[in-house]
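Just input24.cif here, mmCIF, C-alpha atoms:
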```cif
data_run
#
loop_
_atom_site.label_atom_id
_atom_site.label_comp_id
_atom_site.auth_asym_id
_atom_site.auth_seq_id
_atom_site.Cartn_x
_atom_site.Cartn_y
_atom_site.Cartn_z
CA MET A 14 18.17 -7.11 12.96
CA SER A 15 15.73 -5.63 10.45
CA THR A 16 12.11 -5.95 11.52
CA ILE A 17 8.90 -5.95 9.52
CA SER A 18 5.67 -4.90 11.21
CA GLU A 19 2.03 -5.04 10.15
CA ILE A 20 0.48 -1.76 11.36
CA SER A 21 -3.19 -0.77 11.42
CA ILE A 22 -4.08 2.94 11.33
CA GLY A 23 -7.56 4.44 11.52
CA ALA A 24 -8.51 6.14 8.26
CA SER A 25 -9.55 9.28 10.15
CA THR A 26 -6.05 9.41 11.63
CA PHE A 27 -4.29 8.78 8.34
CA ALA A 28 -6.09 9.59 5.06
CA LEU A 29 -9.35 9.31 3.12
CA GLY A 30 -11.42 8.75 6.27
CA ASP A 31 -14.38 10.79 4.98
CA THR A 32 -14.18 9.10 1.58
CA LEU A 33 -14.33 5.65 3.15
CA GLU A 34 -17.34 6.72 5.20
CA ALA A 35 -19.12 8.09 2.12
CA VAL A 36 -18.17 5.12 -0.09
CA PRO A 37 -17.56 2.18 2.29
CA GLU A 38 -17.18 -0.28 -0.59
CA ALA A 39 -14.16 1.64 -1.92
CA THR A 40 -10.71 0.07 -1.65
CA PHE A 41 -7.34 1.79 -1.95
CA ASP A 42 -3.88 0.38 -2.63
CA VAL A 43 -1.01 2.86 -2.45
CA GLU A 44 1.52 2.35 -5.21
CA ARG A 45 4.00 5.00 -4.08
CA VAL A 46 4.09 8.04 -1.80
CA VAL A 47 6.43 11.02 -1.96
CA ALA A 48 6.70 13.64 0.78
CA HIS A 49 6.40 16.61 -1.58
CA ASP A 50 7.07 19.37 0.96
CA ASP A 51 6.47 20.22 4.61
CA GLU A 52 2.72 20.41 4.12
CA ARG A 53 1.74 17.74 1.60
CA VAL A 54 2.17 14.06 0.86
CA MET A 55 1.60 13.07 -2.78
CA PRO A 56 0.62 9.41 -3.24
CA PHE A 57 -0.20 7.36 -6.31
CA VAL A 58 -3.25 5.32 -5.34
CA TRP A 59 -5.10 2.48 -7.08
CA ALA A 60 -8.82 2.61 -6.25
CA THR A 61 -11.90 0.51 -6.83
CA ALA A 62 -15.53 1.40 -6.08
CA PRO A 63 -19.02 0.59 -7.39
CA ASP A 64 -19.43 4.13 -8.76
CA ARG A 65 -16.44 6.17 -9.90
CA GLU A 66 -18.35 9.45 -9.97
CA ALA A 67 -19.49 8.98 -6.36
CA LEU A 68 -15.93 8.15 -5.37
CA GLU A 69 -14.51 11.26 -6.99
CA ALA A 70 -17.24 13.41 -5.45
CA ALA A 71 -16.19 12.03 -2.05
CA PHE A 72 -12.58 13.00 -2.78
CA THR A 73 -13.75 16.58 -3.31
CA ASP A 74 -15.41 16.68 0.12
CA ASP A 75 -12.58 14.88 1.96
CA PRO A 76 -10.49 17.31 4.08
CA SER A 77 -7.44 15.02 3.87
CA VAL A 78 -7.31 15.49 0.07
CA ALA A 79 -5.85 18.78 -1.15
CA ASP A 80 -5.81 17.76 -4.82
CA VAL A 81 -6.51 14.69 -6.95
CA GLU A 82 -5.94 13.73 -10.59
CA ARG A 83 -6.99 10.52 -12.34
CA LEU A 84 -4.02 9.16 -14.31
CA SER A 85 -5.29 5.81 -15.55
CA ASP A 86 -8.75 4.37 -16.15
CA HIS A 87 -9.35 0.62 -16.45
CA ASP A 88 -12.58 -1.37 -16.33
CA ASP A 89 -12.87 -1.59 -12.57
CA GLU A 90 -9.74 0.10 -11.21
CA TRP A 91 -8.36 3.64 -11.41
CA LEU A 92 -4.98 5.17 -10.64
CA TYR A 93 -4.98 8.59 -8.95
CA ARG A 94 -2.26 11.02 -8.02
CA MET A 95 -3.33 12.84 -4.87
CA ALA A 96 -2.03 15.54 -2.58
CA TRP A 97 -2.68 14.71 1.07
CA VAL A 98 -2.58 17.42 3.72
CA SER A 99 -0.32 18.11 6.70
CA HIS A 100 -1.77 15.70 9.27
CA VAL A 101 -1.05 12.83 6.84
CA GLN A 102 2.44 14.23 6.37
CA PHE A 103 2.96 13.95 10.14
CA VAL A 104 2.00 10.27 10.19
CA VAL A 105 4.28 9.49 7.23
CA HIS A 106 7.22 11.28 8.87
CA ALA A 107 6.53 9.59 12.23
CA ILE A 108 6.95 6.24 10.48
CA THR A 109 9.87 7.08 8.16
CA GLU A 110 11.88 9.28 10.54
CA GLU A 111 13.54 6.20 12.07
CA GLY A 112 14.76 5.01 8.66
CA ALA A 113 11.70 2.82 8.06
CA THR A 114 10.31 1.98 4.62
CA VAL A 115 6.61 1.39 3.96
CA LEU A 116 6.42 -1.71 1.76
CA ASN A 117 2.67 -1.77 1.31
CA ALA A 118 -0.37 0.32 2.29
CA GLN A 119 -3.98 -0.51 1.58
CA SER A 120 -7.39 0.29 3.03
CA GLU A 121 -9.50 -2.35 4.73
CA GLN A 122 -12.81 -1.82 6.54
CA GLY A 123 -12.25 1.81 7.41
CA ARG A 124 -8.60 1.39 8.37
CA TRP A 125 -5.25 1.43 6.65
CA GLN A 126 -3.06 -1.66 6.81
CA LEU A 127 0.63 -0.81 6.47
CA ARG A 128 3.53 -3.21 6.12
CA VAL A 129 6.67 -1.42 7.30
CA LEU A 130 10.35 -2.41 7.30
CA PHE A 131 12.26 -0.97 10.29
CA PRO A 132 16.04 -1.09 10.81
CA ASP A 133 15.46 -2.85 14.15
CA ARG A 134 12.90 -3.30 16.92
CA ASP A 135 14.12 -0.22 18.78
CA ALA A 136 13.22 1.93 15.76
CA LEU A 137 9.75 0.36 15.74
CA SER A 138 9.35 1.03 19.47
CA ARG A 139 10.37 4.68 19.09
CA THR A 140 7.92 5.13 16.22
CA TYR A 141 5.11 3.61 18.27
CA ASP A 142 5.94 5.87 21.23
CA VAL A 143 5.75 8.99 19.04
CA CYS A 144 2.36 7.94 17.66
CA GLU A 145 1.06 7.12 21.14
CA ASP A 146 2.27 10.47 22.51
CA HIS A 147 0.20 12.20 19.82
CA ASP A 148 -2.88 10.00 20.43
CA LEU A 149 -2.80 8.51 16.94
CA ASP A 150 -5.13 5.57 16.28
CA LEU A 151 -2.35 3.11 15.49
CA ASP A 152 -2.05 -0.58 16.40
CA ILE A 153 0.93 -2.87 15.83
CA GLU A 154 -0.65 -6.17 14.82
CA THR A 155 2.33 -8.36 13.89
CA ILE A 156 6.12 -8.19 14.12
CA TYR A 157 8.53 -10.36 12.10
CA GLU A 158 12.28 -10.57 12.18
CA MET A 159 13.68 -10.17 8.67
CA ASP A 160 15.23 -13.66 8.58
CA ASN A 161 11.86 -15.26 9.28
CA GLU A 162 9.97 -12.92 6.97
CA ARG A 163 11.77 -14.32 3.95
CA HIS A 164 9.26 -17.14 4.11
CA GLY A 165 6.31 -14.73 4.33
CA ARG A 166 4.31 -12.71 1.78
CA TYR A 167 7.08 -10.24 0.84
CA GLY A 168 4.71 -7.29 0.98
CA LEU A 169 2.04 -8.80 -1.28
CA THR A 170 -1.58 -7.89 -0.70
CA ASP A 171 -3.99 -10.75 -0.09
CA ASP A 172 -5.35 -10.38 -3.64
CA GLN A 173 -1.86 -10.40 -5.14
CA SER A 174 -0.83 -13.45 -3.12
CA ALA A 175 -4.01 -15.32 -4.06
CA THR A 176 -3.58 -14.40 -7.73
CA LEU A 177 0.03 -15.61 -7.95
CA THR A 178 -0.88 -18.80 -6.10
CA ALA A 179 -3.80 -19.46 -8.45
CA ALA A 180 -1.60 -18.75 -11.47
CA PHE A 181 0.98 -21.25 -10.26
CA GLU A 182 -1.60 -23.92 -9.41
CA HIS A 183 -3.29 -23.55 -12.82
CA GLY A 184 0.01 -23.89 -14.69
CA TYR A 185 0.36 -20.28 -15.82
CA TYR A 186 4.12 -20.40 -15.24
CA GLU A 187 4.60 -23.71 -17.07
CA ILE A 188 6.26 -23.81 -20.51
CA PRO A 189 4.04 -23.91 -22.47
CA ARG A 190 1.34 -22.39 -20.27
CA ASP A 191 -1.52 -24.61 -19.16
CA VAL A 192 -3.88 -21.63 -18.81
CA SER A 193 -4.23 -18.33 -20.66
CA VAL A 194 -4.47 -14.91 -19.03
CA ALA A 195 -8.08 -14.63 -20.20
CA ASP A 196 -9.05 -17.99 -18.69
CA LEU A 197 -7.25 -17.22 -15.44
CA ALA A 198 -9.02 -13.85 -15.25
CA ASP A 199 -12.37 -15.62 -15.69
CA GLU A 200 -11.43 -18.08 -12.95
CA LEU A 201 -10.63 -15.21 -10.58
CA GLY A 202 -13.68 -13.19 -11.59
CA ILE A 203 -11.77 -10.10 -12.74
CA SER A 204 -11.08 -8.46 -16.08
CA HIS A 205 -8.11 -9.34 -18.31
CA GLN A 206 -6.74 -5.81 -17.78
CA ALA A 207 -7.16 -5.97 -14.00
CA LEU A 208 -5.30 -9.30 -13.90
CA SER A 209 -2.46 -7.91 -16.01
CA GLU A 210 -2.13 -4.89 -13.71
CA ARG A 211 -2.23 -7.11 -10.63
CA PHE A 212 0.52 -9.34 -12.07
CA ARG A 213 2.64 -6.27 -12.81
CA ARG A 214 2.36 -4.88 -9.29
CA ALA A 215 2.74 -8.29 -7.61
CA HIS A 216 5.86 -9.17 -9.59
CA GLY A 217 7.31 -5.71 -8.89
CA THR A 218 6.61 -6.11 -5.17
CA LEU A 219 8.23 -9.56 -5.09
CA ILE A 220 11.36 -8.25 -6.80
CA GLU A 221 11.60 -5.19 -4.56
CA ASN A 222 11.01 -6.98 -1.28
CA SER A 223 12.91 -10.22 -1.94
CA LEU A 224 15.86 -8.94 -3.98
CA ILE A 225 16.22 -5.25 -3.08
CA VAL A 226 15.02 -4.91 0.54
CA GLY A 227 18.01 -5.51 2.81
CA ARG A 228 20.51 -3.68 0.61
CA GLU A 229 21.89 -0.42 1.84
CA HIS A 230 20.25 2.67 0.33
CA ASP A 231 22.26 5.47 1.92
CA ASP A 232 21.46 7.91 -0.86
CA GLU A 233 17.74 7.17 -0.67
CA ARG A 234 17.70 7.76 3.07
CA LYS A 235 18.90 11.31 2.43
CA ALA A 236 16.07 11.93 -0.01
CA ALA A 237 12.42 12.72 0.74
CA PRO A 238 10.52 9.92 2.52
CA GLU A 239 8.87 7.50 0.12
CA MET A 240 6.54 4.52 0.46
#
```

Final structure tokens representation of the file:
Amino acid sequence: MSTISEISIGASTFALGDTLEAVPEATFDVERVVAHDDERVMPFVWATAPDREALEAAFTDDPSVADVERLSDHDDEWLYRMAWVSHVQFVVHAITEEGATVLNAQSEQGRWQLRVLFPDRDALSRTYDVCEDHDLDLDIETIYEMDNERHGRYGLTDDQSATLTAAFEHGYYEIPRDVSVADLADELGISHQALSERFRRAHGTLIENSLIVGREHDDERKAAPEM
């Protein structure tokens, strides 16, 4: 039976460890990762921080970052395309080699929190053994069977889950709506643009993890690992 696991990885083991030390208030939410070649992983990462210039200076000094390009610039959130180096590539392959799919990855207090879908518990166990054999700072925090997980968060971040819940409770999904996007953004203490982006990613995650996860993707498994 398919299994979903919540995995915690130290940032120094995975990626952006030096950046998170230099800018501890920074947060990262990985939108998508492609294993570009044998040496690099290229993620698309949403970031927030008190000072964008300080954040980007930290990227420059971070040995896990081979290259970085800002693709989108909103009031308090930025989208970057990065190239991560070989030790990150190893961690990604250790997780995806057993046919696993990373549903969500975000930073939290100096660690990365990953939500990973495995074909079964044996695949999860083998992945954990590989990471332990290489002394990786990885902890398995929670394990769900897929049938039970249908009632869970479907890969949503805490902010996304809270936002959709607030939108529902305030009548955003009623016809006609009981609350506007602007008013809901004020209620949540974020910008109109940030709320729109959060809705977009949350709705996409719900569709992917509730309607698409569980189908067979034989062709995708033959392609480069993605998350």

Query raised in the report: Do you know which residues the PyMOL selection byres ((chain A and resi 61) around 7) returns on this file, as a PyMOL selection string?
Result: chain A and resi 39-41+60+62+89-91

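Residue membership of the PyMOL selection byres ((chain A and resi 142-150) around 10) in the shown file amounts to Ser21, Ile22, Gly23, Ala24, Ser25, Thr26, Phe27, Phe103, Val104, Ala107, Ile108, Arg124, Ala136, Leu137, Ser138, Arg139, Thr140, Tyr141, Leu151 and Asp152 of chain A.
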
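Taking atom CA of Phe212 of chain A as the reference point, atom CA of Arg65 of chain A is found at 23.1 Å.
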
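Atom CA of Glu154 of chain A is positioned 16.5 Å from atom CA of Asp133 of chain A.
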
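The space separating atom CA of Ile20 of chain A from atom CA of Ala35 of chain A comes to 23.8 Å.
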
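Residue nearest Met95 of chain A, chosen from A:Pro56, A:Gly30, A:Gly202, A:Pro37 and counting only C-alpha atoms: A:Pro56.
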
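Remark: for Val98 of chain A, the closest of the candidate residues A:Ala207, A:Ala175, A:Leu219, A:Met55 is A:Met55 (distances computed over only C-alpha atoms).
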
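Comparing the minimum interatomic distances between Ala71 of chain A and each of A:Ile220, A:Val105, A:Leu29, A:Ile188, counting only C-alpha atoms, we find that A:Leu29 sits nearest.
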
File output for segment 59-96 of chain A (N, CA and C atoms) as a JSON list (two decimals), in the first residue's frame:
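That gives us decode00.json:
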```json
[["chain", "number", "residue", "atom", "x", "y", "z"],
["A", 59, "TRP", "N", 10.20, 29.31, -3.68],
["A", 59, "TRP", "CA", 9.61, 30.54, -3.17],
["A", 59, "TRP", "C", 10.29, 30.89, -1.86],
["A", 60, "ALA", "N", 10.67, 32.15, -1.70],
["A", 60, "ALA", "CA", 11.40, 32.58, -0.50],
["A", 60, "ALA", "C", 10.80, 33.84, 0.09],
["A", 61, "THR", "N", 10.88, 33.95, 1.40],
["A", 61, "THR", "CA", 10.55, 35.19, 2.10],
["A", 61, "THR", "C", 11.69, 35.50, 3.06],
["A", 62, "ALA", "N", 11.90, 36.78, 3.33],
["A", 62, "ALA", "CA", 12.94, 37.22, 4.27],
["A", 62, "ALA", "C", 12.73, 38.70, 4.55],
["A", 63, "PRO", "N", 13.22, 39.19, 5.69],
["A", 63, "PRO", "CA", 13.07, 40.61, 6.00],
["A", 63, "PRO", "C", 13.79, 41.51, 5.00],
["A", 64, "ASP", "N", 14.91, 41.02, 4.45],
["A", 64, "ASP", "CA", 15.75, 41.84, 3.56],
["A", 64, "ASP", "C", 16.17, 41.00, 2.37],
["A", 65, "ARG", "N", 15.65, 41.32, 1.20],
["A", 65, "ARG", "CA", 15.96, 40.52, 0.01],
["A", 65, "ARG", "C", 17.43, 40.59, -0.35],
["A", 66, "GLU", "N", 18.04, 41.76, -0.23],
["A", 66, "GLU", "CA", 19.45, 41.89, -0.58],
["A", 66, "GLU", "C", 20.33, 41.03, 0.32],
["A", 67, "ALA", "N", 20.01, 41.00, 1.62],
["A", 67, "ALA", "CA", 20.78, 40.15, 2.54],
["A", 67, "ALA", "C", 20.60, 38.68, 2.20],
["A", 68, "LEU", "N", 19.38, 38.31, 1.81],
["A", 68, "LEU", "CA", 19.11, 36.93, 1.43],
["A", 68, "LEU", "C", 19.93, 36.54, 0.21],
["A", 69, "GLU", "N", 19.94, 37.39, -0.81],
["A", 69, "GLU", "CA", 20.65, 37.05, -2.03],
["A", 69, "GLU", "C", 22.16, 37.08, -1.83],
["A", 70, "ALA", "N", 22.64, 37.91, -0.92],
["A", 70, "ALA", "CA", 24.06, 37.87, -0.57],
["A", 70, "ALA", "C", 24.41, 36.54, 0.10],
["A", 71, "ALA", "N", 23.50, 36.04, 0.93],
["A", 71, "ALA", "CA", 23.72, 34.75, 1.58],
["A", 71, "ALA", "C", 23.74, 33.62, 0.57],
["A", 72, "PHE", "N", 22.90, 33.69, -0.47],
["A", 72, "PHE", "CA", 22.94, 32.70, -1.54],
["A", 72, "PHE", "C", 24.34, 32.63, -2.15],
["A", 73, "THR", "N", 24.93, 33.79, -2.38],
["A", 73, "THR", "CA", 26.24, 33.87, -3.02],
["A", 73, "THR", "C", 27.30, 33.16, -2.20],
["A", 74, "ASP", "N", 27.19, 33.22, -0.88],
["A", 74, "ASP", "CA", 28.18, 32.62, 0.01],
["A", 74, "ASP", "C", 27.84, 31.19, 0.40],
["A", 75, "ASP", "N", 26.71, 30.67, -0.05],
["A", 75, "ASP", "CA", 26.27, 29.33, 0.36],
["A", 75, "ASP", "C", 26.88, 28.27, -0.56],
["A", 76, "PRO", "N", 27.67, 27.33, -0.02],
["A", 76, "PRO", "CA", 28.33, 26.33, -0.87],
["A", 76, "PRO", "C", 27.37, 25.33, -1.52],
["A", 77, "SER", "N", 26.12, 25.26, -1.03],
["A", 77, "SER", "CA", 25.16, 24.35, -1.65],
["A", 77, "SER", "C", 24.52, 24.94, -2.89],
["A", 78, "VAL", "N", 24.74, 26.24, -3.13],
["A", 78, "VAL", "CA", 24.13, 26.94, -4.27],
["A", 78, "VAL", "C", 25.18, 27.18, -5.34],
["A", 79, "ALA", "N", 25.03, 26.53, -6.50],
["A", 79, "ALA", "CA", 25.95, 26.74, -7.60],
["A", 79, "ALA", "C", 25.54, 27.93, -8.46],
["A", 80, "ASP", "N", 24.24, 28.21, -8.50],
["A", 80, "ASP", "CA", 23.74, 29.31, -9.32],
["A", 80, "ASP", "C", 22.34, 29.66, -8.82],
["A", 81, "VAL", "N", 21.93, 30.92, -9.02],
["A", 81, "VAL", "CA", 20.60, 31.35, -8.59],
["A", 81, "VAL", "C", 20.14, 32.48, -9.48],
["A", 82, "GLU", "N", 18.86, 32.46, -9.82],
["A", 82, "GLU", "CA", 18.25, 33.52, -10.65],
["A", 82, "GLU", "C", 16.86, 33.83, -10.11],
["A", 83, "ARG", "N", 16.60, 35.11, -9.86],
["A", 83, "ARG", "CA", 15.27, 35.53, -9.41],
["A", 83, "ARG", "C", 14.35, 35.61, -10.62],
["A", 84, "LEU", "N", 13.22, 34.88, -10.56],
["A", 84, "LEU", "CA", 12.28, 34.83, -11.68],
["A", 84, "LEU", "C", 11.06, 35.71, -11.48],
["A", 85, "SER", "N", 10.66, 35.89, -10.21],
["A", 85, "SER", "CA", 9.45, 36.64, -9.93],
["A", 85, "SER", "C", 9.64, 37.42, -8.64],
["A", 86, "ASP", "N", 9.09, 38.62, -8.60],
["A", 86, "ASP", "CA", 9.29, 39.52, -7.47],
["A", 86, "ASP", "C", 7.96, 40.11, -7.05],
["A", 87, "HIS", "N", 7.43, 39.65, -5.88],
["A", 87, "HIS", "CA", 6.21, 40.19, -5.33],
["A", 87, "HIS", "C", 6.53, 40.98, -4.07],
["A", 88, "ASP", "N", 5.53, 41.51, -3.42],
["A", 88, "ASP", "CA", 5.75, 42.40, -2.28],
["A", 88, "ASP", "C", 6.64, 41.77, -1.21],
["A", 89, "ASP", "N", 6.32, 40.57, -0.82],
["A", 89, "ASP", "CA", 7.04, 39.95, 0.29],
["A", 89, "ASP", "C", 7.41, 38.50, 0.01],
["A", 90, "GLU", "N", 7.51, 38.14, -1.26],
["A", 90, "GLU", "CA", 7.81, 36.77, -1.65],
["A", 90, "GLU", "C", 8.47, 36.77, -3.02],
["A", 91, "TRP", "N", 9.49, 35.92, -3.19],
["A", 91, "TRP", "CA", 10.24, 35.90, -4.44],
["A", 91, "TRP", "C", 10.43, 34.46, -4.90],
["A", 92, "LEU", "N", 10.36, 34.27, -6.22],
["A", 92, "LEU", "CA", 10.57, 32.95, -6.81],
["A", 92, "LEU", "C", 11.95, 32.91, -7.43],
["A", 93, "TYR", "N", 12.74, 31.90, -7.04],
["A", 93, "TYR", "CA", 14.10, 31.73, -7.56],
["A", 93, "TYR", "C", 14.22, 30.38, -8.27],
["A", 94, "ARG", "N", 15.03, 30.39, -9.31],
["A", 94, "ARG", "CA", 15.50, 29.13, -9.89],
["A", 94, "ARG", "C", 16.95, 28.97, -9.45],
["A", 95, "MET", "N", 17.26, 27.86, -8.82],
["A", 95, "MET", "CA", 18.60, 27.64, -8.28],
["A", 95, "MET", "C", 19.23, 26.40, -8.91],
["A", 96, "ALA", "N", 20.52, 26.31, -8.78],
["A", 96, "ALA", "CA", 21.25, 25.08, -9.07],
["A", 96, "ALA", "C", 21.92, 24.65, -7.78]]
```
